[in-house]
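With mmCIF, C-alpha atoms inside, this is query.cif:
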data_query
loop_
_atom_site.label_atom_id
_atom_site.label_comp_id
_atom_site.auth_asym_id
_atom_site.auth_seq_id
_atom_site.Cartn_x
_atom_site.Cartn_y
_atom_site.Cartn_z
CA MET A 1 117.36 163.46 68.43
CA ASN A 2 120.15 165.86 69.19
CA ALA A 3 118.10 168.74 67.82
CA LEU A 4 115.05 167.80 69.89
CA ALA A 5 117.14 167.45 73.04
CA ALA A 6 118.59 170.90 72.38
CA LEU A 7 115.10 172.34 71.98
CA MET A 8 113.84 170.74 75.19
CA ILE A 9 116.86 171.95 77.16
CA ARG A 10 116.40 175.47 75.80
CA ASP A 11 112.69 175.58 76.61
CA MET A 12 113.25 174.24 80.11
CA ARG A 13 116.02 176.76 80.72
CA LEU A 14 113.76 179.57 79.56
CA ALA A 15 110.94 178.32 81.78
CA VAL A 16 113.00 178.36 84.97
CA ARG A 17 114.84 181.61 84.28
CA LEU A 18 113.55 185.09 84.98
CA GLY A 19 110.22 185.69 83.27
CA GLY A 20 109.64 181.99 82.64
CA GLY A 21 106.33 180.30 83.38
CA ALA A 22 107.39 177.51 85.74
CA LEU A 23 107.16 179.38 89.04
CA ILE A 24 104.07 181.37 88.05
CA GLY A 25 102.05 178.21 87.41
CA ILE A 26 102.79 176.69 90.78
CA LEU A 27 102.10 179.96 92.64
CA PHE A 28 98.79 180.27 90.82
CA PHE A 29 97.91 176.69 91.79
CA LEU A 30 98.71 177.50 95.42
CA ILE A 31 96.56 180.64 95.35
CA VAL A 32 93.53 178.95 93.75
CA VAL A 33 93.62 176.07 96.22
CA THR A 34 94.12 178.42 99.16
CA LEU A 35 91.21 180.62 98.13
CA VAL A 36 88.67 177.80 98.19
CA PRO A 37 88.66 177.15 101.96
CA PHE A 38 88.23 180.87 102.48
CA ALA A 39 85.24 180.90 100.15
CA ILE A 40 83.58 177.77 101.50
CA GLY A 41 84.25 178.25 105.18
CA PRO A 42 85.57 175.87 107.80
CA ASP A 43 83.46 172.86 106.88
CA LEU A 44 86.08 170.11 107.06
CA ALA A 45 83.82 167.32 105.83
CA LEU A 46 82.79 169.32 102.78
CA LEU A 47 86.39 170.30 102.01
CA LYS A 48 87.45 166.69 102.20
CA ARG A 49 84.67 165.67 99.84
CA ILE A 50 85.37 168.29 97.19
CA GLY A 51 89.16 168.39 97.76
CA PRO A 52 90.14 166.29 94.72
CA ALA A 53 87.92 168.39 92.46
CA ILE A 54 89.49 171.62 93.79
CA LEU A 55 92.98 170.30 93.21
CA TRP A 56 92.06 169.26 89.69
CA ILE A 57 90.45 172.62 88.84
CA GLY A 58 93.46 174.42 90.27
CA ALA A 59 95.88 172.29 88.24
CA LEU A 60 93.78 172.78 85.11
CA LEU A 61 93.78 176.56 85.43
CA ALA A 62 97.44 176.68 86.38
CA SER A 63 98.49 174.59 83.40
CA LEU A 64 96.46 176.87 81.16
CA LEU A 65 98.28 179.93 82.43
CA ALA A 66 101.61 179.44 80.69
CA LEU A 67 100.19 177.82 77.57
CA ASP A 68 99.85 181.00 75.52
CA ARG A 69 103.63 181.43 75.56
CA LEU A 70 104.25 177.85 74.43
CA ILE A 71 104.45 178.73 70.73
CA ALA A 72 103.58 182.43 70.63
CA ALA A 73 106.93 183.40 72.18
CA ASP A 74 108.77 181.63 69.37
CA HIS A 75 106.47 183.20 66.81
CA GLU A 76 107.07 186.73 68.07
CA ASP A 77 110.87 186.62 68.04
CA GLY A 78 111.17 184.80 64.71
CA SER A 79 112.30 181.48 66.18
CA LEU A 80 109.29 179.75 64.65
CA ASP A 81 110.53 180.68 61.14
CA LEU A 82 113.79 178.89 61.83
CA ILE A 83 112.03 175.94 63.44
CA LEU A 84 110.02 175.56 60.24
CA THR A 85 113.18 175.53 58.11
CA ALA A 86 114.90 172.89 60.28
CA ARG A 87 115.18 169.32 59.12
CA VAL A 88 113.42 168.00 62.19
CA PRO A 89 109.78 167.11 61.43
CA LEU A 90 107.46 169.76 62.83
CA GLU A 91 105.36 167.10 64.62
CA LEU A 92 108.38 166.02 66.67
CA THR A 93 109.40 169.61 67.31
CA VAL A 94 106.05 170.60 68.79
CA ALA A 95 105.91 167.34 70.76
CA ALA A 96 109.33 168.12 72.24
CA LYS A 97 108.15 171.62 73.14
CA ALA A 98 105.06 170.20 74.82
CA ILE A 99 107.10 167.68 76.82
CA ALA A 100 109.47 170.41 77.97
CA HIS A 101 106.44 172.53 78.89
CA TRP A 102 104.91 169.69 80.89
CA LEU A 103 108.17 168.98 82.72
CA THR A 104 108.42 172.61 83.83
CA THR A 105 104.75 173.45 84.47
CA GLY A 106 102.81 170.17 84.79
CA LEU A 107 105.18 168.07 86.85
CA PRO A 108 105.63 170.71 89.60
CA LEU A 109 101.83 170.75 90.00
CA VAL A 110 101.85 166.97 90.53
CA VAL A 111 104.57 167.33 93.16
CA ALA A 112 102.79 170.18 94.91
CA ALA A 113 99.37 168.51 94.97
CA PRO A 114 99.97 166.33 98.11
CA LEU A 115 101.20 169.40 100.01
CA LEU A 116 98.17 171.44 99.00
CA GLY A 117 96.00 168.46 99.91
CA LEU A 118 96.79 169.31 103.53
CA LEU A 119 94.98 172.61 103.12
CA LEU A 120 91.89 170.71 101.99
CA ASN A 121 91.88 168.19 104.84
CA LEU A 122 92.81 165.28 102.57
CA ASP A 123 94.43 162.27 104.22
CA PRO A 124 97.70 160.93 102.77
CA LYS A 125 95.96 158.20 100.78
CA ALA A 126 93.58 160.67 99.14
CA SER A 127 96.42 163.10 98.39
CA GLY A 128 98.40 160.27 96.84
CA ALA A 129 95.44 159.31 94.66
CA VAL A 130 94.99 162.88 93.45
CA ALA A 131 98.71 163.22 92.71
CA LEU A 132 98.64 159.97 90.75
CA THR A 133 95.66 161.06 88.66
CA LEU A 134 97.33 164.42 88.05
CA LEU A 135 100.49 162.62 86.94
CA ALA A 136 98.45 160.65 84.44
CA GLY A 137 96.18 163.52 83.40
CA THR A 138 98.24 166.72 83.20
CA PRO A 139 100.15 165.57 80.08
CA ALA A 140 96.76 165.42 78.36
CA LEU A 141 96.08 169.02 79.43
CA THR A 142 99.41 170.12 77.96
CA PHE A 143 98.93 168.30 74.68
CA ILE A 144 95.36 169.55 74.25
CA GLY A 145 96.70 173.00 75.04
CA LEU A 146 99.38 172.50 72.41
CA ILE A 147 96.70 172.35 69.72
CA GLY A 148 95.11 175.53 71.02
CA ALA A 149 98.48 177.27 71.23
CA ALA A 150 99.24 176.36 67.62
CA LEU A 151 95.83 177.56 66.44
CA THR A 152 96.06 180.92 68.17
CA VAL A 153 99.75 181.58 67.53
CA ALA A 154 99.33 184.27 64.92
CA LEU A 155 96.72 186.23 66.86
CA ARG A 156 97.58 189.17 69.01
CA ARG A 157 96.30 188.58 72.53
CA GLY A 158 95.53 184.99 71.56
CA GLY A 159 95.71 183.89 75.18
CA LEU A 160 92.06 184.58 75.93
CA LEU A 161 90.84 182.76 72.85
CA LEU A 162 93.18 179.93 73.77
CA ALA A 163 91.47 179.47 77.14
CA VAL A 164 88.04 179.46 75.53
CA LEU A 165 89.18 176.92 72.94
CA VAL A 166 91.04 174.60 75.26
CA LEU A 167 88.90 174.43 78.39
CA PRO A 168 85.91 172.63 76.81
CA LEU A 169 88.25 170.02 75.34
CA THR A 170 89.67 169.27 78.77
CA ILE A 171 86.29 168.29 80.24
CA PRO A 172 86.73 164.52 79.70
CA VAL A 173 90.14 164.63 81.36
CA LEU A 174 88.66 166.53 84.30
CA ILE A 175 85.73 164.11 84.65
CA PHE A 176 87.84 160.97 84.74
CA GLY A 177 90.63 162.55 86.78
CA VAL A 178 88.24 163.58 89.54
CA ALA A 179 86.25 160.33 89.22
CA ALA A 180 89.38 158.25 89.74
CA SER A 181 90.44 160.35 92.73
CA ASN A 182 87.00 160.08 94.34
CA ALA A 183 86.89 156.36 93.64
CA ALA A 184 90.09 155.94 95.62
CA ILE A 185 88.79 158.00 98.53
CA VAL A 186 85.09 157.19 98.97
CA GLY A 187 84.29 154.52 96.38
CA PRO A 188 82.11 152.72 95.47
CA LEU A 189 83.67 152.44 92.02
CA PRO A 190 87.05 150.76 91.76
CA PHE A 191 89.94 153.19 91.20
CA GLY A 192 91.17 151.26 88.18
CA THR A 193 88.32 151.85 85.76
CA PRO A 194 88.26 155.67 85.55
CA PHE A 195 92.05 155.74 85.92
CA MET A 196 92.49 153.52 82.87
CA ILE A 197 90.19 155.76 80.85
CA LEU A 198 92.20 158.78 82.03
CA CYS A 199 95.40 157.10 80.86
CA ALA A 200 93.76 156.27 77.54
CA LEU A 201 92.72 159.92 77.10
CA THR A 202 96.29 161.02 77.78
CA LEU A 203 97.73 158.55 75.28
CA MET A 204 95.23 159.73 72.69
CA THR A 205 96.18 163.37 73.11
CA LEU A 206 99.89 162.44 72.98
CA VAL A 207 99.27 161.11 69.48
CA ILE A 208 96.72 163.61 68.19
CA GLY A 209 98.17 166.75 69.77
CA PRO A 210 101.48 167.01 67.88
CA PHE A 211 99.91 166.18 64.51
CA ALA A 212 97.04 168.62 64.96
CA ALA A 213 99.40 171.34 66.17
CA ALA A 214 101.76 170.80 63.22
CA VAL A 215 98.85 171.00 60.78
CA ALA A 216 97.63 174.18 62.46
CA LEU A 217 101.07 175.78 62.27
CA ARG A 218 101.59 174.86 58.62
CA HIS A 219 98.12 176.09 57.75
CA GLY A 220 98.79 179.31 59.59
CA LEU A 221 101.69 180.09 57.26
CA GLU A 222 100.99 182.96 55.05
CA MET B 1 121.73 168.17 33.81
CA ALA B 2 122.43 168.10 30.10
CA GLY B 3 124.21 171.42 30.25
CA PHE B 4 126.98 170.13 32.45
CA ALA B 5 129.74 168.80 30.27
CA GLY B 6 132.86 167.31 31.67
CA PRO B 7 134.08 164.35 33.62
CA ALA B 8 131.54 163.77 36.36
CA GLY B 9 133.93 161.45 38.12
CA PRO B 10 134.64 161.09 41.80
CA SER B 11 136.30 164.50 41.78
CA ALA B 12 132.88 166.12 41.40
CA GLY B 13 131.78 164.68 44.73
CA SER B 14 130.73 166.62 47.76
CA ASP B 15 134.28 166.82 49.10
CA SER B 16 135.28 169.36 46.47
CA PRO B 17 135.90 172.81 47.92
CA ARG B 18 133.13 174.37 45.85
CA GLY B 19 130.65 172.03 47.47
CA HIS B 20 127.69 172.31 45.13
CA PRO B 21 129.01 172.85 41.62
CA LEU B 22 125.67 172.17 39.96
CA MET B 23 123.42 173.95 42.40
CA ARG B 24 121.01 176.36 40.81
CA LEU B 25 117.92 178.04 42.15
CA LEU B 26 115.35 178.56 39.43
CA ALA B 27 112.11 180.49 39.67
CA SER B 28 109.59 181.08 36.95
CA ASP B 29 106.24 182.85 36.94
CA LEU B 30 106.19 183.12 40.70
CA THR B 31 103.11 184.71 42.19
CA CYS B 32 102.78 185.64 45.81
CA VAL B 33 99.49 186.47 47.49
CA ARG B 34 99.42 187.73 51.06
CA GLY B 35 96.31 188.78 52.90
CA GLY B 36 94.28 188.49 49.69
CA ARG B 37 96.51 190.98 47.90
CA GLU B 38 98.79 190.03 45.05
CA VAL B 39 102.27 191.15 46.05
CA PHE B 40 104.01 190.20 42.82
CA SER B 41 103.30 187.95 39.88
CA GLY B 42 105.12 186.45 36.95
CA LEU B 43 108.46 186.76 38.67
CA GLY B 44 111.35 184.75 37.32
CA PHE B 45 115.02 184.61 38.27
CA GLU B 46 117.94 182.27 38.38
CA VAL B 47 120.80 182.08 40.87
CA GLY B 48 123.70 179.69 40.44
CA ALA B 49 126.40 178.46 42.77
CA GLY B 50 128.71 181.27 43.77
CA GLU B 51 126.25 183.94 42.70
CA ALA B 52 124.44 186.61 44.64
CA LEU B 53 121.16 188.20 43.67
CA ILE B 54 120.16 191.46 45.31
CA VAL B 55 116.42 191.96 45.45
CA SER B 56 115.59 195.65 45.49
CA GLY B 57 112.52 197.77 45.14
CA PRO B 58 110.34 200.22 47.05
CA ASN B 59 108.70 199.38 50.37
CA GLY B 60 105.92 196.87 49.94
CA ALA B 61 107.23 195.61 46.60
CA GLY B 62 107.52 192.11 48.02
CA LYS B 63 111.23 191.76 48.79
CA SER B 64 110.67 190.13 52.16
CA SER B 65 107.77 188.10 50.79
CA LEU B 66 110.01 186.70 48.07
CA LEU B 67 112.63 185.59 50.59
CA ARG B 68 109.99 184.04 52.84
CA LEU B 69 108.49 182.33 49.82
CA VAL B 70 111.84 180.78 48.90
CA ALA B 71 112.34 179.71 52.52
CA GLY B 72 108.99 177.94 52.40
CA LEU B 73 107.42 180.25 54.99
CA VAL B 74 104.90 181.67 52.54
CA ARG B 75 102.86 179.56 50.20
CA ILE B 76 103.54 179.79 46.47
CA ALA B 77 100.28 180.93 44.88
CA ALA B 78 101.41 180.09 41.35
CA GLY B 79 104.58 179.41 39.46
CA ARG B 80 107.51 177.15 39.98
CA LEU B 81 110.50 177.23 42.29
CA ALA B 82 113.15 174.55 42.01
CA LEU B 83 116.61 173.85 43.30
CA GLU B 84 118.76 171.89 40.90
CA GLY B 85 121.69 170.00 42.31
CA GLY B 86 120.42 170.21 45.86
CA ASP B 87 119.50 167.46 48.26
CA PRO B 88 116.35 165.87 46.79
CA GLU B 89 115.33 164.62 50.24
CA SER B 90 115.05 168.11 51.69
CA THR B 91 112.93 171.12 50.92
CA ILE B 92 114.56 174.32 49.72
CA GLY B 93 113.88 175.87 53.10
CA GLU B 94 115.78 173.08 54.83
CA GLN B 95 118.82 173.87 52.70
CA ALA B 96 118.59 177.59 53.30
CA HIS B 97 119.39 179.96 56.09
CA TYR B 98 116.71 182.59 56.55
CA LEU B 99 117.90 185.80 58.18
CA GLY B 100 114.77 187.85 58.71
CA HIS B 101 113.97 191.07 60.50
CA GLN B 102 113.52 189.19 63.73
CA ASP B 103 116.62 187.87 65.41
CA ALA B 104 115.22 184.64 66.90
CA LEU B 105 117.18 185.29 70.09
CA LYS B 106 116.00 184.63 73.62
CA PRO B 107 116.88 187.51 75.96
CA ALA B 108 117.13 185.17 78.97
CA LEU B 109 119.83 183.04 77.35
CA SER B 110 123.45 184.07 76.99
CA VAL B 111 125.03 184.85 73.64
CA ARG B 112 126.75 181.48 73.59
CA GLU B 113 123.62 179.55 74.66
CA ASN B 114 121.56 181.20 71.92
CA LEU B 115 124.02 180.28 69.20
CA ALA B 116 124.73 176.80 70.60
CA PHE B 117 121.01 176.06 70.59
CA TRP B 118 120.47 177.07 66.98
CA THR B 119 123.60 175.26 65.90
CA ARG B 120 122.41 172.02 67.46
CA PHE B 121 118.80 172.47 66.40
CA LEU B 122 119.60 173.28 62.78
CA GLY B 123 121.74 170.18 62.49
CA GLY B 124 125.22 171.54 63.02
CA GLY B 125 125.91 169.19 65.92
CA GLU B 126 128.04 170.72 68.66
CA GLY B 127 129.32 172.91 65.87
CA PRO B 128 132.00 175.54 65.73
CA VAL B 129 130.16 177.85 68.09
CA GLU B 130 133.23 179.62 69.45
CA SER B 131 134.80 180.23 66.06
CA ALA B 132 131.47 181.47 64.69
CA LEU B 133 131.22 183.93 67.58
CA ALA B 134 134.76 185.05 66.86
CA ALA B 135 133.88 185.51 63.18
CA VAL B 136 131.25 188.10 64.10
CA GLY B 137 133.32 189.62 66.92
CA LEU B 138 131.11 188.55 69.81
CA ASP B 139 133.48 186.06 71.43
CA ARG B 140 134.39 188.40 74.26
CA ILE B 141 130.80 188.82 75.43
CA ALA B 142 129.75 185.19 74.90
CA GLY B 143 128.55 184.87 78.50
CA LEU B 144 126.37 188.00 78.44
CA PRO B 145 122.59 187.51 78.34
CA ALA B 146 121.26 188.44 74.91
CA ALA B 147 118.91 190.93 76.59
CA TYR B 148 121.85 193.34 76.95
CA LEU B 149 122.91 193.28 73.30
CA SER B 150 122.50 196.30 71.04
CA ALA B 151 120.54 195.98 67.80
CA GLY B 152 123.73 195.62 65.79
CA GLN B 153 125.13 193.00 68.15
CA ARG B 154 121.89 191.03 67.95
CA ARG B 155 122.16 191.14 64.19
CA ARG B 156 125.74 189.88 64.31
CA LEU B 157 124.72 187.04 66.61
CA SER B 158 122.09 186.03 64.05
CA VAL B 159 124.71 186.09 61.33
CA ALA B 160 126.91 183.80 63.46
CA ARG B 161 124.23 181.13 62.98
CA LEU B 162 124.89 181.20 59.23
CA VAL B 163 128.58 180.66 59.85
CA ALA B 164 128.13 177.88 62.42
CA VAL B 165 125.76 175.72 60.37
CA LYS B 166 126.64 175.13 56.73
CA ARG B 167 123.74 175.55 54.35
CA PRO B 168 124.17 176.34 50.66
CA ILE B 169 121.51 179.06 50.31
CA TRP B 170 121.50 182.26 52.32
CA LEU B 171 118.29 184.29 52.32
CA LEU B 172 119.14 187.65 53.85
CA ASP B 173 116.50 190.27 54.54
CA GLU B 174 118.27 193.63 54.74
CA PRO B 175 121.34 192.06 56.30
CA THR B 176 123.18 195.34 56.83
CA SER B 177 120.45 197.03 58.86
CA ALA B 178 121.67 198.19 62.28
CA LEU B 179 125.25 197.21 61.44
CA ASP B 180 128.10 199.73 61.74
CA ALA B 181 130.64 200.21 58.95
CA ALA B 182 133.14 197.72 60.36
CA SER B 183 130.47 195.06 60.85
CA GLN B 184 129.18 195.63 57.32
CA THR B 185 132.67 195.02 56.00
CA SER B 186 133.06 191.80 57.96
CA LEU B 187 129.59 190.65 56.87
CA ALA B 188 130.59 191.33 53.26
CA ALA B 189 133.71 189.21 53.81
CA LEU B 190 131.60 186.37 55.22
CA MET B 191 129.25 186.58 52.24
CA ALA B 192 132.17 186.58 49.79
CA GLN B 193 133.58 183.54 51.56
CA HIS B 194 130.21 181.79 51.32
CA LEU B 195 130.02 182.54 47.59
CA ALA B 196 133.59 181.38 47.05
CA GLY B 197 132.61 178.09 48.67
CA GLY B 198 129.88 177.58 46.09
CA GLY B 199 127.01 179.06 48.07
CA LEU B 200 124.05 181.10 46.84
CA ILE B 201 122.87 184.38 48.27
CA LEU B 202 119.50 186.00 47.81
CA ALA B 203 119.43 189.29 49.66
CA ALA B 204 116.79 191.98 49.99
CA ALA B 205 118.42 195.38 50.28
CA HIS B 206 117.84 199.05 49.61
CA GLY B 207 121.46 199.82 48.90
CA PRO B 208 124.73 198.09 48.16
CA ILE B 209 125.62 195.38 50.68
CA GLY B 210 129.28 195.23 49.81
CA LEU B 211 129.35 192.44 47.26
CA ALA B 212 131.45 193.21 44.22
CA ARG B 213 129.73 190.98 41.69
CA ALA B 214 126.07 190.83 42.46
CA ARG B 215 123.18 190.94 40.06
CA GLU B 216 120.07 192.89 40.87
CA LEU B 217 116.43 191.88 40.69
CA ARG B 218 114.19 194.90 40.82
CA LEU B 219 110.66 194.41 42.11
CA GLY B 220 107.68 196.69 41.78
CA VAL B 221 108.84 198.61 38.69
CA THR B 222 106.20 197.30 36.32
CA PRO B 223 103.27 199.73 36.12
#
What do you get writing this file as structure tokens?
Amino acid sequence: MNALAALMIRDMRLAVRLGGGALIGILFFLIVVTLVPFAIGPDLALLKRIGPAILWIGALLASLLALDRLIAADHEDGSLDLILTARVPLELTVAAKAIAHWLTTGLPLVVAAPLLGLLLNLDPKASGAVALTLLAGTPALTFIGLIGAALTVALRRGGLLLAVLVLPLTIPVLIFGVAASNAAIVGPLPFGTPFMILCALTLMTLVIGPFAAAVALRHGLE
Amino acid sequence: MAGFAGPAGPSAGSDSPRGHPLMRLLASDLTCVRGGREVFSGLGFEVGAGEALIVSGPNGAGKSSLLRLVAGLVRIAAGRLALEGGDPESTIGEQAHYLGHQDALKPALSVRENLAFWTRFLGGGEGPVESALAAVGLDRIAGLPAAYLSAGQRRRLSVARLVAVKRPIWLLDEPTSALDAASQTSLAALMAQHLAGGGLILAAAHGPIGLARARELRLGVTP
């Protein structure tokens, strides 16, 4: 556990220091969400209706932004070689990296969502619902992204391929995240049903992600 | 181990200063294929505790590939690689330090943070980070971000990892590159100390690396 804690602390330190991805993600989220009212115009009712979807799309794109560095950075400087020769199982190592990544890039998006909800004319209850669904759903985005990051690690400029690989897999998370948010705001569905499915999706990716990523990394050895 | 005669009593335990008296790295008929091309084939060697084997040969002969293969970072296409007297629960790579061309250092972290991380991650606990930094002469700039280190200093910081975490096998890929004369001498002293403690060294090099008694394995000489 000591080794995994050390890895998480290192990754979080790197994320918040100069050149890290933590601040970039949240700024990107802010920009995407700010752009939408400019594009749509001052139709408050429309903004309120599509607000949760905008916040979810923004969070999805922002969490994608830093993903290509998740494993590629360690591959480029040789750290991955040492990680592979450590006694810690690779599945746990990549899971620890993903958790550290979520804490520095996913969690800030959850915290920022209610503030950005103001820009989209969402009332406090709606903002709270969106933040709650993001809290439940963004770990799934990170762990799906983990698989993509492991698959594309050896490729130069793998970031673009990563986006193409990962985005289709995030569709279910997006559907149920937005469905749960809308259910809380306008109904008629109860909030619980889509929210439970969202939580189930997240739990599934928490299990599958690390194993798939570890297999991808081992297979990528040459 | 039929070849080991003598009283295998409690004195042969892991607390003896030589550490791994029976340890032996054996390779036979090793074949390495990378990118569809056969790098070497039919390679055999043997390194025992306290021995160093220098792998030499022209560029592209497979020196680095051999080290990566032993570390478990490249798949063995054919042949056999075994470690006798090692920990049967661990792979060879988990009992080896791999010092490659890349330094595995994060520029945003300080010298001390870089080493402390690897020490903890590779299972050395809190580890003797300060004394390892002193051993490679970086203790006075321990707070400096690694981004400001020269190539030689980066190399020395990588070597400090080998000192901080005890592992019986050292796989060194051109360990003296970028090092000045004084650093080469101190690296040679560290390697001699490792060998005296019962360690194994497999090093890829183009020239002498300062070890008095080292055997040589020449790659790429067969027509």
### Task
Could the residues of chain A within 9 Å of chain B, counting all atoms listed in the file, be given as number ranges by chain, please?
A: 2-7, 9-10, 13-14, 17-20, 74-88, 218, 221-222
Take the point (119.0, 179.6, 40.1) as written in the file and pick out every residue within 9 Å of it, counting only C-alpha atoms; give the list as a PDB file with C-alpha atoms, in the coordinates of the input.
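The result, written out as point.pdb:
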ATOM      1  CA  MET B  23     123.420 173.950  42.400  1.00  0.00           C
ATOM      2  CA  ARG B  24     121.010 176.360  40.810  1.00  0.00           C
ATOM      3  CA  LEU B  25     117.920 178.040  42.150  1.00  0.00           C
ATOM      4  CA  LEU B  26     115.350 178.560  39.430  1.00  0.00           C
ATOM      5  CA  ALA B  27     112.110 180.490  39.670  1.00  0.00           C
ATOM      6  CA  PHE B  45     115.020 184.610  38.270  1.00  0.00           C
ATOM      7  CA  GLU B  46     117.940 182.270  38.380  1.00  0.00           C
ATOM      8  CA  VAL B  47     120.800 182.080  40.870  1.00  0.00           C
ATOM      9  CA  GLY B  48     123.700 179.690  40.440  1.00  0.00           C
ATOM     10  CA  ALA B  49     126.400 178.460  42.770  1.00  0.00           C
ATOM     11  CA  GLU B  51     126.250 183.940  42.700  1.00  0.00           C
ATOM     12  CA  ALA B  82     113.150 174.550  42.010  1.00  0.00           C
ATOM     13  CA  LEU B  83     116.610 173.850  43.300  1.00  0.00           C
ATOM     14  CA  GLU B  84     118.760 171.890  40.900  1.00  0.00           C
ATOM     15  CA  LEU B 200     124.050 181.100  46.840  1.00  0.00           C
TER      16      LEU B 200
END
#### Entry: Residues in the PyMOL selection byres ((chain B and resi 187-194) around 8), expressed as a PyMOL selection string
chain B and resi 50+136+163+176+183-186+195-201+209-211
### Task
Return as JSON, numbers by chain the set of residues that the PyMOL selection byres ((chain A and resi 150) around 6) yields on the displayed structure.
{"A": [147, 148, 149, 151, 152, 153, 213, 216, 217]}
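Using the PyMOL selection byres ((chain A and resi 30) around 10) on this structure selects Ile24, Gly25, Ile26, Leu27, Phe28, Phe29, Ile31, Val32, Val33, Thr34, Leu35, Leu55, Gly58, Ala59, Ala62, Leu109, Ala112, Ala113, Leu115, Leu116 and Leu119 of chain A.
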Working from the structure I just supplied, which lacks atoms in stretch 157-168 of chain B, can you model N, CA and C atoms there and output them as an mmCIF file, in the frame of the given file?
data_model
loop_
_atom_site.group_PDB
_atom_site.id
_atom_site.type_symbol
_atom_site.label_atom_id
_atom_site.label_comp_id
_atom_site.auth_asym_id
_atom_site.auth_seq_id
_atom_site.Cartn_x
_atom_site.Cartn_y
_atom_site.Cartn_z
ATOM 1 N N LEU B 157 124.917 188.365 66.021
ATOM 2 C CA LEU B 157 124.720 187.040 66.610
ATOM 3 C C LEU B 157 123.855 186.164 65.687
ATOM 4 N N SER B 158 122.883 186.796 65.011
ATOM 5 C CA SER B 158 122.090 186.030 64.050
ATOM 6 C C SER B 158 122.951 185.561 62.884
ATOM 7 N N VAL B 159 123.845 186.440 62.456
ATOM 8 C CA VAL B 159 124.710 186.090 61.330
ATOM 9 C C VAL B 159 125.634 184.924 61.733
ATOM 10 N N ALA B 160 126.023 184.882 62.995
ATOM 11 C CA ALA B 160 126.910 183.800 63.460
ATOM 12 C C ALA B 160 126.282 182.434 63.215
ATOM 13 N N ARG B 161 124.950 182.370 63.252
ATOM 14 C CA ARG B 161 124.230 181.130 62.980
ATOM 15 C C ARG B 161 124.546 180.620 61.561
ATOM 16 N N LEU B 162 124.628 181.569 60.624
ATOM 17 C CA LEU B 162 124.890 181.200 59.230
ATOM 18 C C LEU B 162 126.290 180.625 59.070
ATOM 19 N N VAL B 163 127.196 181.132 59.932
ATOM 20 C CA VAL B 163 128.580 180.660 59.850
ATOM 21 C C VAL B 163 128.697 179.286 60.519
ATOM 22 N N ALA B 164 127.973 179.104 61.622
ATOM 23 C CA ALA B 164 128.130 177.880 62.420
ATOM 24 C C ALA B 164 127.532 176.665 61.734
ATOM 25 N N VAL B 165 126.413 176.845 61.041
ATOM 26 C CA VAL B 165 125.760 175.720 60.370
ATOM 27 C C VAL B 165 125.870 175.938 58.864
ATOM 28 N N LYS B 166 126.446 174.973 58.182
ATOM 29 C CA LYS B 166 126.640 175.130 56.730
ATOM 30 C C LYS B 166 125.355 174.805 55.981
ATOM 31 N N ARG B 167 124.857 175.791 55.257
ATOM 32 C CA ARG B 167 123.740 175.550 54.350
ATOM 33 C C ARG B 167 124.035 176.308 53.076
ATOM 34 N N PRO B 168 123.717 175.727 51.915
ATOM 35 C CA PRO B 168 124.170 176.340 50.660
ATOM 36 C C PRO B 168 123.481 177.657 50.289
#
